[in-house]
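Take a look at the structure set out below.
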Amino acid sequence: ARVAVLISGRGSNMAALLYASHAPDCPYEIVLVASNVPDAPGLALARAEGVPVFARAHQGLKRAEFDAIIDAELERAEVQYVALAGYMRLLSEGFVASWAGRCLNIHPSLLPLHKGLDVHEAVLAAGETATGCTVHLVTPALDDGPILGQARVAVIAGDTPETLADRVHYAEHQLYPRVLAELVSGTTGVDAQLARVRALAL
Ligand code: GRF
């Protein structure tokens with residue numbers, strides 16, 4: 001399956017998805033990395049790895065206009081699935097509807113706990129003993145949508161938001177390629193949920 005990864009920053013999850021795709025039995029390939037931040041560090045890595053990139057600053061464009069530009073690039077690259085990986089931008093309803101069931105996101109918490117930003121601070125402030133990460137299908141609401149997979153990460157004494165973020169990243173890098181591979185090969189066991197999300201698009 002042909003996959004695009006949308007990033008705004010470091011792109012370590014993009015790298016994890018890309019390197020996993022080089023395994024001979026991987027059912028997806030990364031055909032485009034796109035960003036709303038032209039100097040996102042992840043873009044330099046994608047370029048160095050020979051992956052086509054598209055970058056365009058979103059400033060000055062309405063959300064739907066910007067998303068239409070991205071959408072046109074996805075169409076041009078014959079993309080079948082879109083993986084958000086640190087893409088720090090809400091998507092327009094039209095974009096979400098047209099990619100319903102084929103657009104996923106990774107979030108650094110055990111959703112539905114701790115949506116949005118500053119997740120690790122919130123986990124530590126709440127005194128939780130475990131956190132983790134979640135891959136879910138994208139629906140119009142932020143960090144919502146059917147959960148495709150989760151991984152658990154223990155909180156340890158002395159953790160700071162930074163140490164926790166680092167450890168959650170390790171878990172993300174394992175989880176995301178696996179869940180994406182399951183989704184594109186139809187083995188997620190969420191067919192009913194997928195059907196419901198696709199129905200949103202009708
Ligand atoms: C990850 O923690 C992801 O869960 C969140 O943004 C972060 C992106 O990190 N949505 P990276 O750019 O993949 O390193």
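A note on labels: chains of the structure tokens are A, B, ... as shown, every chain counts residues from 1, and ligands are counted from 1 in their shown order.
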query: Using only C-alpha atoms and all ligand atoms, which protein or nucleic acid residues are at most 7 Å from ligand 1, as an MDAnalysis selection string?
result: chainID A and resid 7:14 85:87 105:108 133 165 169 172
What parts of chain A does DSSP call strand (DSSP E)? I'd like the answer as a PDB file with N, CA and C atoms, in the first residue's frame.
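Generated file (out.pdb):
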```pdb
ATOM      1  N   ARG A   2       0.398   2.280  -0.664  1.00  0.00           N
ATOM      2  CA  ARG A   2       1.167   3.532  -0.792  1.00  0.00           C
ATOM      3  C   ARG A   2       0.758   4.488   0.322  1.00  0.00           C
ATOM      4  N   VAL A   3       1.743   4.878   1.143  1.00  0.00           N
ATOM      5  CA  VAL A   3       1.477   5.655   2.362  1.00  0.00           C
ATOM      6  C   VAL A   3       2.216   6.987   2.297  1.00  0.00           C
ATOM      7  N   ALA A   4       1.521   8.060   2.719  1.00  0.00           N
ATOM      8  CA  ALA A   4       2.166   9.354   2.946  1.00  0.00           C
ATOM      9  C   ALA A   4       2.226   9.594   4.438  1.00  0.00           C
ATOM     10  N   VAL A   5       3.310  10.209   4.894  1.00  0.00           N
ATOM     11  CA  VAL A   5       3.452  10.582   6.299  1.00  0.00           C
ATOM     12  C   VAL A   5       3.443  12.100   6.377  1.00  0.00           C
ATOM     13  N   LEU A   6       2.605  12.645   7.255  1.00  0.00           N
ATOM     14  CA  LEU A   6       2.530  14.094   7.465  1.00  0.00           C
ATOM     15  C   LEU A   6       3.218  14.433   8.776  1.00  0.00           C
ATOM     16  N   ILE A   7       4.178  15.349   8.712  1.00  0.00           N
ATOM     17  CA  ILE A   7       4.958  15.705   9.896  1.00  0.00           C
ATOM     18  C   ILE A   7       5.027  17.228  10.055  1.00  0.00           C
ATOM     19  N   GLU A  29       4.580   1.007   1.657  1.00  0.00           N
ATOM     20  CA  GLU A  29       5.783   1.786   1.334  1.00  0.00           C
ATOM     21  C   GLU A  29       5.472   3.267   1.544  1.00  0.00           C
ATOM     22  N   ILE A  30       6.489   4.018   1.978  1.00  0.00           N
ATOM     23  CA  ILE A  30       6.327   5.458   2.181  1.00  0.00           C
ATOM     24  C   ILE A  30       6.652   6.145   0.850  1.00  0.00           C
ATOM     25  N   VAL A  31       5.642   6.729   0.232  1.00  0.00           N
ATOM     26  CA  VAL A  31       5.840   7.322  -1.090  1.00  0.00           C
ATOM     27  C   VAL A  31       5.921   8.846  -1.037  1.00  0.00           C
ATOM     28  N   LEU A  32       5.594   9.424   0.133  1.00  0.00           N
ATOM     29  CA  LEU A  32       5.635  10.885   0.255  1.00  0.00           C
ATOM     30  C   LEU A  32       5.714  11.249   1.732  1.00  0.00           C
ATOM     31  N   VAL A  33       6.545  12.246   2.030  1.00  0.00           N
ATOM     32  CA  VAL A  33       6.527  12.870   3.355  1.00  0.00           C
ATOM     33  C   VAL A  33       6.165  14.331   3.131  1.00  0.00           C
ATOM     34  N   ALA A  34       5.106  14.787   3.762  1.00  0.00           N
ATOM     35  CA  ALA A  34       4.634  16.154   3.550  1.00  0.00           C
ATOM     36  C   ALA A  34       4.604  16.896   4.872  1.00  0.00           C
ATOM     37  N   SER A  35       4.793  18.218   4.793  1.00  0.00           N
ATOM     38  CA  SER A  35       4.851  19.001   6.024  1.00  0.00           C
ATOM     39  C   SER A  35       4.312  20.405   5.816  1.00  0.00           C
ATOM     40  N   VAL A  53       9.466  14.538  -0.954  1.00  0.00           N
ATOM     41  CA  VAL A  53       8.895  15.376   0.102  1.00  0.00           C
ATOM     42  C   VAL A  53       8.135  16.538  -0.523  1.00  0.00           C
ATOM     43  N   PHE A  54       7.133  16.996   0.239  1.00  0.00           N
ATOM     44  CA  PHE A  54       6.402  18.204  -0.133  1.00  0.00           C
ATOM     45  C   PHE A  54       6.300  19.068   1.111  1.00  0.00           C
ATOM     46  N   ALA A  55       6.702  20.331   1.001  1.00  0.00           N
ATOM     47  CA  ALA A  55       6.632  21.223   2.147  1.00  0.00           C
ATOM     48  C   ALA A  55       6.012  22.537   1.730  1.00  0.00           C
ATOM     49  N   TYR A  81      -3.020   5.640   1.939  1.00  0.00           N
ATOM     50  CA  TYR A  81      -3.180   5.831   3.387  1.00  0.00           C
ATOM     51  C   TYR A  81      -2.332   7.013   3.826  1.00  0.00           C
ATOM     52  N   VAL A  82      -2.832   7.734   4.835  1.00  0.00           N
ATOM     53  CA  VAL A  82      -2.123   8.891   5.372  1.00  0.00           C
ATOM     54  C   VAL A  82      -1.820   8.639   6.844  1.00  0.00           C
ATOM     55  N   ALA A  83      -0.545   8.706   7.209  1.00  0.00           N
ATOM     56  CA  ALA A  83      -0.144   8.517   8.607  1.00  0.00           C
ATOM     57  C   ALA A  83       0.322   9.862   9.162  1.00  0.00           C
ATOM     58  N   LEU A  84      -0.403  10.388  10.140  1.00  0.00           N
ATOM     59  CA  LEU A  84       0.024  11.612  10.815  1.00  0.00           C
ATOM     60  C   LEU A  84       1.065  11.233  11.854  1.00  0.00           C
ATOM     61  N   CYS A 103      -6.797   7.289   7.308  1.00  0.00           N
ATOM     62  CA  CYS A 103      -5.901   8.292   7.892  1.00  0.00           C
ATOM     63  C   CYS A 103      -5.730   7.964   9.366  1.00  0.00           C
ATOM     64  N   LEU A 104      -4.495   7.779   9.798  1.00  0.00           N
ATOM     65  CA  LEU A 104      -4.262   7.431  11.200  1.00  0.00           C
ATOM     66  C   LEU A 104      -3.346   8.454  11.864  1.00  0.00           C
ATOM     67  N   ASN A 105      -3.386   8.418  13.191  1.00  0.00           N
ATOM     68  CA  ASN A 105      -2.571   9.332  13.975  1.00  0.00           C
ATOM     69  C   ASN A 105      -1.950   8.562  15.135  1.00  0.00           C
ATOM     70  N   ILE A 106      -0.813   9.034  15.597  1.00  0.00           N
ATOM     71  CA  ILE A 106      -0.243   8.483  16.831  1.00  0.00           C
ATOM     72  C   ILE A 106      -0.208   9.569  17.882  1.00  0.00           C
ATOM     73  N   HIS A 107      -0.573   9.184  19.092  1.00  0.00           N
ATOM     74  CA  HIS A 107      -0.661  10.141  20.197  1.00  0.00           C
ATOM     75  C   HIS A 107       0.057   9.542  21.407  1.00  0.00           C
ATOM     76  N   ALA A 130       1.473   4.434  34.975  1.00  0.00           N
ATOM     77  CA  ALA A 130       1.719   3.973  33.610  1.00  0.00           C
ATOM     78  C   ALA A 130       1.128   4.960  32.626  1.00  0.00           C
ATOM     79  N   THR A 131       1.752   4.995  31.473  1.00  0.00           N
ATOM     80  CA  THR A 131       1.223   5.779  30.363  1.00  0.00           C
ATOM     81  C   THR A 131       1.436   4.945  29.112  1.00  0.00           C
ATOM     82  N   GLY A 132       1.595   5.582  27.966  1.00  0.00           N
ATOM     83  CA  GLY A 132       1.791   4.777  26.769  1.00  0.00           C
ATOM     84  C   GLY A 132       1.516   5.582  25.523  1.00  0.00           C
ATOM     85  N   CYS A 133       1.121   4.885  24.486  1.00  0.00           N
ATOM     86  CA  CYS A 133       0.826   5.570  23.227  1.00  0.00           C
ATOM     87  C   CYS A 133      -0.304   4.833  22.514  1.00  0.00           C
ATOM     88  N   THR A 134      -0.929   5.570  21.608  1.00  0.00           N
ATOM     89  CA  THR A 134      -2.125   5.067  20.933  1.00  0.00           C
ATOM     90  C   THR A 134      -2.067   5.403  19.451  1.00  0.00           C
ATOM     91  N   VAL A 135      -2.393   4.439  18.612  1.00  0.00           N
ATOM     92  CA  VAL A 135      -2.629   4.711  17.196  1.00  0.00           C
ATOM     93  C   VAL A 135      -4.133   4.598  16.958  1.00  0.00           C
ATOM     94  N   HIS A 136      -4.674   5.636  16.343  1.00  0.00           N
ATOM     95  CA  HIS A 136      -6.120   5.645  16.124  1.00  0.00           C
ATOM     96  C   HIS A 136      -6.446   6.207  14.754  1.00  0.00           C
ATOM     97  N   LEU A 137      -7.636   5.876  14.275  1.00  0.00           N
ATOM     98  CA  LEU A 137      -8.119   6.478  13.031  1.00  0.00           C
ATOM     99  C   LEU A 137      -8.511   7.918  13.300  1.00  0.00           C
ATOM    100  N   ILE A 147      -9.687   3.354  18.161  1.00  0.00           N
ATOM    101  CA  ILE A 147      -8.327   2.975  18.536  1.00  0.00           C
ATOM    102  C   ILE A 147      -7.928   1.695  17.806  1.00  0.00           C
ATOM    103  N   LEU A 148      -6.775   1.744  17.135  1.00  0.00           N
ATOM    104  CA  LEU A 148      -6.285   0.583  16.393  1.00  0.00           C
ATOM    105  C   LEU A 148      -5.242  -0.200  17.180  1.00  0.00           C
ATOM    106  N   GLY A 149      -4.550   0.484  18.096  1.00  0.00           N
ATOM    107  CA  GLY A 149      -3.545  -0.218  18.881  1.00  0.00           C
ATOM    108  C   GLY A 149      -2.968   0.681  19.950  1.00  0.00           C
ATOM    109  N   GLN A 150      -2.526   0.062  21.048  1.00  0.00           N
ATOM    110  CA  GLN A 150      -1.908   0.819  22.138  1.00  0.00           C
ATOM    111  C   GLN A 150      -0.715   0.054  22.691  1.00  0.00           C
ATOM    112  N   ALA A 151       0.238   0.786  23.247  1.00  0.00           N
ATOM    113  CA  ALA A 151       1.354   0.156  23.949  1.00  0.00           C
ATOM    114  C   ALA A 151       1.501   0.853  25.300  1.00  0.00           C
ATOM    115  N   ARG A 152       1.819   0.070  26.321  1.00  0.00           N
ATOM    116  CA  ARG A 152       1.920   0.589  27.677  1.00  0.00           C
ATOM    117  C   ARG A 152       3.373   0.875  28.024  1.00  0.00           C
ATOM    118  N   VAL A 153       3.592   1.934  28.784  1.00  0.00           N
ATOM    119  CA  VAL A 153       4.926   2.342  29.227  1.00  0.00           C
ATOM    120  C   VAL A 153       4.842   2.670  30.718  1.00  0.00           C
ATOM    121  N   ALA A 154       5.705   2.085  31.526  1.00  0.00           N
ATOM    122  CA  ALA A 154       5.679   2.360  32.965  1.00  0.00           C
ATOM    123  C   ALA A 154       6.242   3.745  33.256  1.00  0.00           C
TER     124      ALA A 154
END
```
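If only C-alpha atoms are the atoms counted, then among A:Ala141, A:Leu124, A:Ala48, A:Leu74 the closest residue to A:Thr163 is A:Leu124.
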message: When DSSP is applied to the backbone of this structure, which of stretch 39-151 of chain A are assigned alpha helix (DSSP H)? Write them out as an MDAnalysis selection string.
response: chainID A and resid 41:48 63:76 93:98 119:125
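For the atom pair formed by atom CA of A:Ser21 and atom CA of A:Pro177, the distance is 7.8 Å, given to one decimal.
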Long-range neighbours of stretch 59-67 of chain A as a PyMOL selection string, 8 Å cut-off, only C-alpha atoms, 4 positions minimum in chain: chain A and resi 71+91-92+94-95
Let's have the selection written as a PDB file, in the first residue's frame, with C-alpha atoms.
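Now in result.pdb:
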```pdb
ATOM      1  CA  ASP A  71      -4.727  16.570  -0.729  1.00  0.00           C
ATOM      2  CA  LEU A  91      -7.352  18.891   9.641  1.00  0.00           C
ATOM      3  CA  SER A  92     -10.415  20.311   7.949  1.00  0.00           C
ATOM      4  CA  GLY A  94     -13.466  17.821   4.221  1.00  0.00           C
ATOM      5  CA  PHE A  95      -9.988  16.331   4.381  1.00  0.00           C
TER       6      PHE A  95
END
```
Any chance you could tabulate, as JSON lines, the residues of stretch 20-97 of chain A at most 8 Å from stretch 179-182 of chain A with each one's nearest atom pair and distance in Å to one decimal, using only C-alpha atoms, in chain and rising number order?
```
{"residue": "A:Cys26", "atom": "CA", "partner": "A:Ala181", "partner_atom": "CA", "distance": 6.8}
{"residue": "A:Pro27", "atom": "CA", "partner": "A:Ala181", "partner_atom": "CA", "distance": 5.9}
{"residue": "A:Tyr28", "atom": "CA", "partner": "A:Ala181", "partner_atom": "CA", "distance": 6.5}
```
Residues just named, written with N, CA and C atoms as an mmCIF file, in the first residue's frame:
```
data_model
loop_
_atom_site.group_PDB
_atom_site.id
_atom_site.type_symbol
_atom_site.label_atom_id
_atom_site.label_comp_id
_atom_site.auth_asym_id
_atom_site.auth_seq_id
_atom_site.Cartn_x
_atom_site.Cartn_y
_atom_site.Cartn_z
ATOM 1 N N CYS A 26 7.083 -6.168 4.519
ATOM 2 C CA CYS A 26 6.240 -5.046 4.939
ATOM 3 C C CYS A 26 5.203 -4.738 3.850
ATOM 4 N N PRO A 27 3.936 -4.604 4.241
ATOM 5 C CA PRO A 27 2.888 -4.418 3.232
ATOM 6 C C PRO A 27 2.653 -2.974 2.820
ATOM 7 N N TYR A 28 3.494 -2.059 3.277
ATOM 8 C CA TYR A 28 3.309 -0.664 2.843
ATOM 9 C C TYR A 28 4.652 -0.062 2.445
#
```
field: For A:Val119, the nearest of the candidates A:Gly42, A:Pro24, A:Pro52, A:Pro161, counting only C-alpha atoms
entry: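 Among A:Gly42, A:Pro24, A:Pro52, A:Pro161, it is A:Pro161 that comes nearest to A:Val119.
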